[in-house]
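Asks: Can you keep this structure in mind? I'll have questions shortly.
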Amino acid sequence: MDWLSRFPAAAHDAAAPLIRIYETAPSMECVLNLIRIACAHGAIDLGVALAREAGAPCAPLAALLTEAELHTLAGRPADAVDAARKAVLLAPDAGQAWCALAVALDGAGDEGAAVSAMIRAKNAGYAYTGGPYPLLMLWLQACGDFNPRIAEILKPCPLLGRASEHLDARTEAVIESLLDAHTRAFETNPPHLPWLPRPAPSEPARRLKILLLHSDPVSNSQNNSHDDNIDYFGASAMKLGHEFRVAAGSEMVMMNRVGQKRTRAELAEGLRLLNAEIAEFKPDLVISDGNFAHDETTLRPADLADRAARGFRWVVAMSDLYEKDDGFDAFESWNDADCILHFNRRTILHIANRHAAKSFYWPVVPFEPSEFTPRPHEARDKNLTIIGYGARGREIFAAIVGGHLPAHIQIHDKSKDLALPMPKYRALLGQSRMVFSNGIISNNLRIVTARVFETIWSGALLFEESGSDADKFLVPFVHYVPFANAHQLVAFAQFFGKHEDRRRAIADRGKAHLDTHFAPGIFWGNLRAHLGI
C-alpha cells in the first residue's frame with residue numbers, strides 16, 4: 001500500500017519516516033502518530049482510513065476507539081456512534097470503550113444514553129482525568145455531582161465552538177480578526193481606564209519609617225505557606241529607600257492561629273514587644289493586616305489610640321475583604337484607623353457608608369517589579385502554567401486544558417508542603433509563556449488576584465477568566481487575554497502557542513503598562529499624600 005501518496009504533500013516530510021518504521025515493525029504507536037499527522041493537515045478521512053486499514057491488525061480496540069474519535073472530529077456523529085458500539089461489543093468490560101460511546105452519543109444529541117454509557121464506563125473502572133474532548137460534564141452527571149460552576153466552565157463558546165485537539169483554520173482566523181480589531185482600536189483611540197491610579201506626587205524630602213503588623217504564615221496557621229504580602233510591602237518600600245520592619249510581636253497580636261486560642265498573657269507580651277519596638281523605631285507609618293476581624297485576644301483599636309502622641313499614622317490593609325456579610329464587621333472594628341487600604345474596589349460601597357474619607361484603593365499589594373525574574377522569551381520552557389489553590393474551578397480548567405495541550409499544572413492546598421516558596425513561584429512564572437488566572441468568589445463576585453500582576457510583571461501572557469475588574473485598568477486583548485469558558489481558553493492557548501509574535505506583543509505591552517502606571521513609587525507616593533505625611 002502506497003500510504004505516502006495518500007497524505008497531503010505538506011505532510012510528506014513528517015509522515016515518510018513513520019511509514020518506513022511501520023513497514024518494518026508495525027505498531028499501534030506508529031499508526032496513531034500517522035493519524036495525528038493526517039488530521040493536523042486536515043485529512044480527517046485519511047485518518048479514519050488509517051485507523052481501519054492499519055490499526056486493526058495491530059490493536060482492534062484501539063483502532064475502533066480512534067475511528068470513533070476521528071468521526072466525531074469530522075462531524076459525523078452517526079459513524080462515531082457506530083464505531084464506538086463496535087468497540088463496546090468487542091470489549092464489553094472496557095471502561096474506555098463505554099466512555100467513547102458516551103462521547104459519541106453526546107455528539108449525536110442523545111444525552112440520556114450518553115450519561116448511561118458514562119455510568120457503564122465508571123462501573124467498568126474508568127475515571128476521568130481530562131482528555132481531548134470535554135467529558136467532564138458527562139462524567140459528573142454519571143457520578144451524581146453537578147453544579148452551576150461546572151456548567152459555566154464547560155459551556156460551548158458561541159464564537160469559537162467546542163475545544164478540539166488541534167486549532168482549525170476557522171478558529172484561527174476568528175482569533176486573528178479579534179486581536180487585530182482590538183489592537184487597531186487601542187492604537188487609534190485608547191479606551192478610558194477608570195481605575196488607573198493618579199500619577200505619584202513628588203517624593204518626600206526624608207525617607208519614611210514603616211512598621212508592618214502582619215501574621216505569618218497564611219492565616220497564621222503553621223501548616224500554611226509563607227504570606228507573600230509581607231515580602232511585597234517590604235521590597236517595594238525598601239526599593240524606594242524607606243526603612244521597613246515587620247513587627248517582632250506580630251504573631252502574638254494579630255489573628256489567632258487557626259484552631260488555637262491565644263492566651264491573654266501571650267497578647268500582653270505581644271503588646272509589650274510592639275510598644276517597645278515603636279518606641280525604639282519611631283515609625284511614621286504602622287500598617288496592620290485587617291483582613292480578619294479581631295477578638296478579645298488580638299490587637300484592638302484602643303491599643304493604638306495614642307499614636308498621634310507617638311508620632312505615627314495607622315493604616316489597616318484589607319487585602320481579601322469581599323462583599324460577604326462575615327467580613328463587614330471588620331470595617332467597624334477599626335473606626336480609629338487613619339486609613340483603610342483595600343485591594344477590592346467592590347468594597348467601596350461599604351466603605352462609602354462608614355469610612356469614605358479614610359478609603360484608599362489599590363488593586364493589589366504594592367509589588368516591586370525587580371523581584372520578578374523573567375526569562376527572555378526564547379528561553380521560556382513552560383508552555384502554559386496553571387498554579388494556585390485548588391478552588392474557584394481551577395482544578396476543572398486544569399483537567400480539561402491538560403488534555404488538549406502541554407501545560408504545567410500545580411494545584412495545591414496552600415500548605416507549605418505543596419505550595420511553592422515565593423522565589424520558586426516567581427521563577428516558574430518567569431519560565432512560562434502563558435499563565436492561567438481567575439478570581440471567582442461567588443456567582444456575583446470576581447476579584448482581581450495578585451496573579452494578574454505577577455504574571456504580567458513576569459513577562460508571560462496572562463489569561464484571565466472574564467468577570468473580574470481587570471478591564472478597569474488593563475485593556476483586553478491588548479494587555480491580557482480574557483476567556484469565558486474552557487473552550488475559549490483551549491483555543492486561545494493553541495493560537496498563541498502557534499503565534500509567538502502575537503503572544504510576545506501582548507505580554508510586552510502589558511508589562512510596559514504596569515511599569516508606567518503601577519510602579520511602587522506611585523503606590524507609596526499616593527498613600528503618603530492621602531495621609532498627609
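In the C-alpha cells, each chain is lettered A, B, ... as it comes, each chain's residues begin at 1, and ligands are numbered from 1 in order of appearance.
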Which neighbours of Arg375 (chain A) fall inside 10 Å, counting only C-alpha atoms, when residues of the same chain fewer than 5 positions from it are skipped, and could you give them as a short mmCIF file (atom, residue, chain, number, x, y, z; two decimals) with N, CA, C and O atoms, in the first residue's frame?

Replies:
```cif
data_model
loop_
_atom_site.label_atom_id
_atom_site.label_comp_id
_atom_site.auth_asym_id
_atom_site.auth_seq_id
_atom_site.Cartn_x
_atom_site.Cartn_y
_atom_site.Cartn_z
N ARG A 380 11.95 30.51 27.44
CA ARG A 380 10.86 30.02 28.31
C ARG A 380 10.50 28.59 27.93
O ARG A 380 10.17 28.31 26.78
N ASP A 381 10.55 27.68 28.90
CA ASP A 381 10.35 26.27 28.60
C ASP A 381 9.04 25.71 29.15
O ASP A 381 8.79 24.51 29.07
N ALA A 427 9.95 32.35 39.86
CA ALA A 427 10.80 31.78 38.81
C ALA A 427 9.97 30.97 37.83
O ALA A 427 10.22 31.02 36.60
N LEU A 428 8.98 30.23 38.33
CA LEU A 428 8.10 29.45 37.45
C LEU A 428 7.34 30.36 36.48
O LEU A 428 7.26 30.07 35.28
N LEU A 429 6.81 31.46 37.00
CA LEU A 429 6.10 32.39 36.12
C LEU A 429 7.05 32.95 35.07
O LEU A 429 6.66 33.14 33.91
N GLY A 430 8.29 33.22 35.47
CA GLY A 430 9.27 33.75 34.53
C GLY A 430 9.69 32.75 33.47
O GLY A 430 10.23 33.14 32.44
N GLN A 431 9.46 31.46 33.72
CA GLN A 431 9.75 30.41 32.75
C GLN A 431 8.58 30.15 31.81
O GLN A 431 8.72 29.41 30.83
N SER A 432 7.42 30.72 32.12
CA SER A 432 6.18 30.38 31.42
C SER A 432 5.89 31.32 30.26
O SER A 432 6.16 32.52 30.34
N ARG A 433 5.34 30.76 29.20
CA ARG A 433 4.94 31.57 28.07
C ARG A 433 3.55 32.15 28.31
O ARG A 433 3.26 33.28 27.93
N SER A 458 6.06 39.18 35.17
CA SER A 458 6.98 38.09 34.85
C SER A 458 7.21 37.97 33.36
O SER A 458 8.00 37.12 32.93
N GLY A 459 6.52 38.76 32.56
CA GLY A 459 6.73 38.74 31.12
C GLY A 459 5.95 37.66 30.40
O GLY A 459 6.19 37.40 29.21
N ALA A 460 5.01 36.99 31.09
CA ALA A 460 4.19 35.96 30.47
C ALA A 460 2.89 36.57 29.96
O ALA A 460 2.49 37.66 30.39
#
```

Asks: From region 377-461 of chain A, collect each residue whose DSSP state is alpha helix (DSSP H) and return the set as a list in words.

Replies: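 Answer for region 377-461 of chain A, restricted to alpha helix (DSSP H): Arg394, Glu395, Ile396, Phe397, Ala398, Ala399, Ile400, Val401, Met422, Pro423, Lys424, Tyr425, Arg426, Ala427, Leu428, Leu429, Gly430, Gln431, Ala450, Arg451, Val452, Phe453, Glu454, Thr455, Ile456 and Trp457 of chain A.
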
Asks: Would you please work out which residue, of A:Asp227, A:Glu176, A:Asp168, A:Asp284, is nearest to Phe244 (chain A) when using only C-alpha atoms?

Replies: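 For Phe244 (chain A), the nearest of the given residues is A:Asp284.
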
Asks: Could you please write out, as a PyMOL selection string, every residue of region 251-500 of chain A that DSSP assigns to strand (DSSP E or B)?

Replies: chain A and resi 285-289+313-318+339-342+359-361+382-389+408-412+415+432-437+440-442+445-446+461-465+476+480-483

Asks: Output C-alpha atoms for every residue in the selection just made, as a compact mmCIF listing (two decimals), in the first residue's frame.

Replies:
```txt
# COMPACT_ATOMS: atom_id res chain seq x y z
CA LEU A 285 3.54 54.61 59.42
CA VAL A 286 2.15 51.45 61.04
CA ILE A 287 0.34 49.11 58.64
CA SER A 288 -1.68 46.27 60.15
CA ASP A 289 -3.32 43.33 58.42
CA ARG A 313 -0.26 57.15 61.31
CA TRP A 314 -2.15 53.87 61.26
CA VAL A 315 -3.23 52.07 58.07
CA VAL A 316 -5.42 48.96 58.09
CA ALA A 317 -4.83 46.84 54.96
CA MET A 318 -7.90 44.86 53.90
CA CYS A 339 -6.68 54.93 56.55
CA ILE A 340 -8.35 51.77 55.22
CA LEU A 341 -6.27 50.38 52.37
CA HIS A 342 -8.40 47.98 50.34
CA SER A 359 -10.69 54.85 51.95
CA PHE A 360 -7.59 54.26 49.82
CA TYR A 361 -7.93 51.82 46.91
CA LYS A 382 6.86 26.15 30.15
CA ASN A 383 4.05 26.50 27.62
CA LEU A 384 1.02 27.18 29.85
CA THR A 385 1.11 27.27 33.65
CA ILE A 386 -1.92 26.65 35.86
CA ILE A 387 -0.98 27.05 39.51
CA GLY A 388 -2.77 28.00 42.70
CA TYR A 389 -5.11 26.97 45.46
CA HIS A 408 2.47 22.79 33.79
CA ILE A 409 -0.27 22.16 36.36
CA GLN A 410 0.31 22.59 40.09
CA ILE A 411 -2.89 22.79 42.13
CA HIS A 412 -2.28 22.91 45.89
CA SER A 415 0.15 24.17 52.68
CA SER A 432 6.18 30.38 31.42
CA ARG A 433 4.94 31.57 28.07
CA MET A 434 1.30 31.77 29.22
CA VAL A 435 -0.32 31.74 32.67
CA PHE A 436 -3.92 30.99 33.71
CA SER A 437 -5.62 33.17 36.34
CA ILE A 440 -14.20 33.87 41.29
CA ILE A 441 -15.53 34.26 44.83
CA SER A 442 -19.24 33.69 44.20
CA LEU A 445 -18.28 38.49 42.60
CA ARG A 446 -14.96 38.08 40.80
CA LEU A 461 0.91 36.29 28.59
CA LEU A 462 -1.98 36.49 31.08
CA PHE A 463 -5.19 34.50 30.50
CA GLU A 464 -7.79 35.95 32.91
CA GLU A 465 -11.26 34.43 33.34
CA PRO A 476 -8.48 43.26 26.98
CA TYR A 480 -4.02 40.45 28.50
CA VAL A 481 -6.46 37.86 27.08
CA PRO A 482 -9.83 37.29 28.77
CA PHE A 483 -11.66 33.97 28.37
```

Asks: Which neighbours of Val174 (chain A) fall inside 12 Å, counting only C-alpha atoms, when residues of the same chain fewer than 3 positions from it are skipped, and could you give them as a ChimeraX atom specification?

Replies: /A:158-161,167-171,177-181,488,491-492,495

Asks: What lies within 12 Å of Asp231 (chain A) using only C-alpha atoms, ignoring chain neighbours under 6 positions off, as JSON, numbers by chain?

Replies: {"A": [212, 214, 216, 217, 237, 238, 239, 244, 245, 246, 365, 366, 367, 368, 371, 421, 422, 423]}

Asks: Atoms to include: N, CA, C and O atoms. Write the selected residues as a PDB file, in the first residue's frame.

Replies:
```pdb
ATOM      1  N   LEU A 212       5.282  47.054  59.820  1.00  0.00           N
ATOM      2  CA  LEU A 212       4.183  46.198  59.366  1.00  0.00           C
ATOM      3  C   LEU A 212       3.803  45.219  60.464  1.00  0.00           C
ATOM      4  O   LEU A 212       4.658  44.511  61.015  1.00  0.00           O
ATOM      5  N   HIS A 214       1.765  41.984  60.668  1.00  0.00           N
ATOM      6  CA  HIS A 214       1.167  41.006  59.751  1.00  0.00           C
ATOM      7  C   HIS A 214       1.502  39.605  60.232  1.00  0.00           C
ATOM      8  O   HIS A 214       2.654  39.281  60.475  1.00  0.00           O
ATOM      9  N   ASP A 216       2.069  35.564  60.021  1.00  0.00           N
ATOM     10  CA  ASP A 216       2.717  34.705  59.049  1.00  0.00           C
ATOM     11  C   ASP A 216       2.891  33.330  59.690  1.00  0.00           C
ATOM     12  O   ASP A 216       3.216  33.255  60.886  1.00  0.00           O
ATOM     13  N   PRO A 217       2.649  32.235  58.990  1.00  0.00           N
ATOM     14  CA  PRO A 217       2.268  32.081  57.583  1.00  0.00           C
ATOM     15  C   PRO A 217       0.834  32.523  57.295  1.00  0.00           C
ATOM     16  O   PRO A 217       0.194  33.171  58.133  1.00  0.00           O
ATOM     17  N   ALA A 237       8.848  49.103  49.470  1.00  0.00           N
ATOM     18  CA  ALA A 237       9.200  50.252  50.307  1.00  0.00           C
ATOM     19  C   ALA A 237      10.718  50.454  50.344  1.00  0.00           C
ATOM     20  O   ALA A 237      11.222  51.574  50.180  1.00  0.00           O
ATOM     21  N   MET A 238      11.449  49.378  50.548  1.00  0.00           N
ATOM     22  CA  MET A 238      12.905  49.499  50.673  1.00  0.00           C
ATOM     23  C   MET A 238      13.554  49.876  49.352  1.00  0.00           C
ATOM     24  O   MET A 238      14.582  50.550  49.338  1.00  0.00           O
ATOM     25  N   LYS A 239      12.959  49.465  48.230  1.00  0.00           N
ATOM     26  CA  LYS A 239      13.499  49.844  46.930  1.00  0.00           C
ATOM     27  C   LYS A 239      13.495  51.356  46.747  1.00  0.00           C
ATOM     28  O   LYS A 239      14.355  51.929  46.059  1.00  0.00           O
ATOM     29  N   PHE A 244      12.005  49.779  56.582  1.00  0.00           N
ATOM     30  CA  PHE A 244      10.856  48.871  56.717  1.00  0.00           C
ATOM     31  C   PHE A 244      11.177  47.766  57.709  1.00  0.00           C
ATOM     32  O   PHE A 244      12.285  47.207  57.696  1.00  0.00           O
ATOM     33  N   ARG A 245      10.211  47.472  58.564  1.00  0.00           N
ATOM     34  CA  ARG A 245      10.334  46.362  59.508  1.00  0.00           C
ATOM     35  C   ARG A 245       9.009  45.627  59.610  1.00  0.00           C
ATOM     36  O   ARG A 245       7.940  46.227  59.473  1.00  0.00           O
ATOM     37  N   VAL A 246       9.106  44.328  59.902  1.00  0.00           N
ATOM     38  CA  VAL A 246       7.938  43.557  60.346  1.00  0.00           C
ATOM     39  C   VAL A 246       8.010  43.487  61.855  1.00  0.00           C
ATOM     40  O   VAL A 246       9.034  43.076  62.414  1.00  0.00           O
ATOM     41  N   VAL A 365      -1.421  44.244  46.263  1.00  0.00           N
ATOM     42  CA  VAL A 365      -0.327  44.641  47.146  1.00  0.00           C
ATOM     43  C   VAL A 365       0.728  45.397  46.335  1.00  0.00           C
ATOM     44  O   VAL A 365       0.860  45.179  45.124  1.00  0.00           O
ATOM     45  N   PRO A 366       1.480  46.298  46.960  1.00  0.00           N
ATOM     46  CA  PRO A 366       2.453  47.101  46.196  1.00  0.00           C
ATOM     47  C   PRO A 366       3.666  46.274  45.776  1.00  0.00           C
ATOM     48  O   PRO A 366       4.612  46.085  46.540  1.00  0.00           O
ATOM     49  N   PHE A 367       3.630  45.769  44.551  1.00  0.00           N
ATOM     50  CA  PHE A 367       4.713  44.930  44.058  1.00  0.00           C
ATOM     51  C   PHE A 367       5.968  45.744  43.750  1.00  0.00           C
ATOM     52  O   PHE A 367       5.882  46.907  43.363  1.00  0.00           O
ATOM     53  N   GLU A 368       7.095  45.095  43.889  1.00  0.00           N
ATOM     54  CA  GLU A 368       8.365  45.626  43.418  1.00  0.00           C
ATOM     55  C   GLU A 368       8.773  44.808  42.186  1.00  0.00           C
ATOM     56  O   GLU A 368       9.109  43.623  42.304  1.00  0.00           O
ATOM     57  N   GLU A 371      11.605  42.168  41.811  1.00  0.00           N
ATOM     58  CA  GLU A 371      11.521  40.879  42.486  1.00  0.00           C
ATOM     59  C   GLU A 371      11.255  39.748  41.500  1.00  0.00           C
ATOM     60  O   GLU A 371      11.488  38.571  41.804  1.00  0.00           O
ATOM     61  N   PRO A 421       7.499  27.945  47.457  1.00  0.00           N
ATOM     62  CA  PRO A 421       8.032  29.173  48.075  1.00  0.00           C
ATOM     63  C   PRO A 421       8.030  30.291  47.045  1.00  0.00           C
ATOM     64  O   PRO A 421       8.152  30.042  45.830  1.00  0.00           O
ATOM     65  N   MET A 422       7.908  31.533  47.504  1.00  0.00           N
ATOM     66  CA  MET A 422       7.747  32.646  46.576  1.00  0.00           C
ATOM     67  C   MET A 422       8.863  32.771  45.543  1.00  0.00           C
ATOM     68  O   MET A 422       8.589  33.011  44.369  1.00  0.00           O
ATOM     69  N   PRO A 423      10.137  32.603  45.897  1.00  0.00           N
ATOM     70  CA  PRO A 423      11.171  32.696  44.857  1.00  0.00           C
ATOM     71  C   PRO A 423      10.980  31.669  43.746  1.00  0.00           C
ATOM     72  O   PRO A 423      11.156  31.969  42.556  1.00  0.00           O
TER      73      PRO A 423
END
```

Asks: Excluding Val253 (chain A) and residues on its chain fewer than 4 positions from it, collect all residues at most 8 Å away from it, counting only C-alpha atoms, and give them as a ChimeraX atom specification.

Replies: /A:249,267,270-271,297-299

Asks: Skip Asp471 (chain A) itself and residues of its chain fewer than 5 positions away, then list as a ChimeraX atom specification all residues within 12 Å of it, counting only C-alpha atoms.

Replies: /A:191-196,363,447-448,452,464-466,476-482

Asks: Output N, CA, C and O atoms for every residue in that selection, as a short mmCIF file (atom, residue, chain, number, x, y, z; two decimals), in the first residue's frame.

Replies:
```
data_model
loop_
_atom_site.label_atom_id
_atom_site.label_comp_id
_atom_site.auth_asym_id
_atom_site.auth_seq_id
_atom_site.Cartn_x
_atom_site.Cartn_y
_atom_site.Cartn_z
N PRO A 191 -8.91 53.33 25.01
CA PRO A 191 -10.08 53.44 25.89
C PRO A 191 -9.73 54.09 27.22
O PRO A 191 -8.59 54.04 27.67
N HIS A 192 -10.73 54.70 27.84
CA HIS A 192 -10.56 55.25 29.19
C HIS A 192 -10.56 54.11 30.19
O HIS A 192 -11.46 53.26 30.20
N LEU A 193 -9.56 54.07 31.04
CA LEU A 193 -9.47 53.06 32.09
C LEU A 193 -9.74 53.75 33.42
O LEU A 193 -8.86 54.43 33.97
N PRO A 194 -10.94 53.60 33.97
CA PRO A 194 -11.36 54.44 35.11
C PRO A 194 -10.61 54.18 36.40
O PRO A 194 -10.61 55.04 37.28
N TRP A 195 -9.96 53.02 36.54
CA TRP A 195 -9.34 52.72 37.82
C TRP A 195 -7.82 52.84 37.78
O TRP A 195 -7.14 52.36 38.68
N LEU A 196 -7.27 53.49 36.76
CA LEU A 196 -5.84 53.74 36.78
C LEU A 196 -5.51 54.72 37.90
O LEU A 196 -6.22 55.69 38.12
N PRO A 363 -5.29 48.20 43.51
CA PRO A 363 -5.83 46.90 43.07
C PRO A 363 -5.07 45.67 43.54
O PRO A 363 -5.54 44.55 43.33
N ILE A 447 -12.85 38.74 41.75
CA ILE A 447 -11.84 39.69 42.19
C ILE A 447 -10.62 39.63 41.28
O ILE A 447 -10.42 38.67 40.53
N VAL A 448 -9.81 40.66 41.34
CA VAL A 448 -8.53 40.69 40.65
C VAL A 448 -7.48 40.17 41.62
O VAL A 448 -7.18 40.82 42.63
N VAL A 452 -2.63 38.25 38.57
CA VAL A 452 -2.75 39.10 37.38
C VAL A 452 -1.49 39.94 37.22
O VAL A 452 -0.88 40.00 36.14
N GLU A 464 -6.99 35.61 31.72
CA GLU A 464 -7.79 35.95 32.91
C GLU A 464 -9.25 35.62 32.64
O GLU A 464 -9.85 36.09 31.66
N GLU A 465 -9.85 34.78 33.51
CA GLU A 465 -11.26 34.43 33.34
C GLU A 465 -12.11 35.70 33.43
O GLU A 465 -11.94 36.50 34.34
N SER A 466 -13.01 35.88 32.49
CA SER A 466 -13.80 37.10 32.41
C SER A 466 -14.71 37.25 33.63
O SER A 466 -15.09 36.28 34.27
N PRO A 476 -8.38 44.65 27.45
CA PRO A 476 -8.48 43.26 26.98
C PRO A 476 -7.93 43.10 25.56
O PRO A 476 -8.12 43.96 24.70
N PHE A 477 -7.24 42.00 25.34
CA PHE A 477 -6.65 41.63 24.06
C PHE A 477 -5.53 42.58 23.63
O PHE A 477 -4.99 42.45 22.54
N VAL A 478 -5.18 43.51 24.50
CA VAL A 478 -4.04 44.40 24.27
C VAL A 478 -2.98 44.18 25.34
O VAL A 478 -1.80 44.02 25.05
N HIS A 479 -3.43 44.12 26.62
CA HIS A 479 -2.52 43.87 27.74
C HIS A 479 -2.66 42.45 28.30
O HIS A 479 -1.77 41.99 29.02
N TYR A 480 -3.77 41.80 28.03
CA TYR A 480 -4.02 40.45 28.50
C TYR A 480 -5.13 39.85 27.65
O TYR A 480 -5.73 40.55 26.82
N VAL A 481 -5.42 38.55 27.87
CA VAL A 481 -6.46 37.86 27.08
C VAL A 481 -7.52 37.32 28.03
O VAL A 481 -7.23 36.43 28.85
N PRO A 482 -8.74 37.84 27.95
CA PRO A 482 -9.83 37.29 28.77
C PRO A 482 -10.44 36.06 28.10
O PRO A 482 -10.43 35.94 26.87
#
```

Asks: Quote the spacing between CA of Arg20 (chain A) and CA of Ser5 (chain A) in Å to one decimal place.

Replies: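 Going from CA of Arg20 (chain A) over to CA of Ser5 (chain A) covers 13.4 Å.
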
Asks: Which one of A:Leu405, A:Leu61, A:Ala108, A:Ala49 sits closest to Leu89 (chain A) if you count only C-alpha atoms?

Replies: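 With only C-alpha atoms as the atom set, the closest residue is A:Leu61.
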
Asks: Find, counting only C-alpha atoms, the residue in A:Asn485, A:Pro60, A:Thr66, A:Val475 that gets nearest to Asn33 (chain A).

Replies: A:Thr66
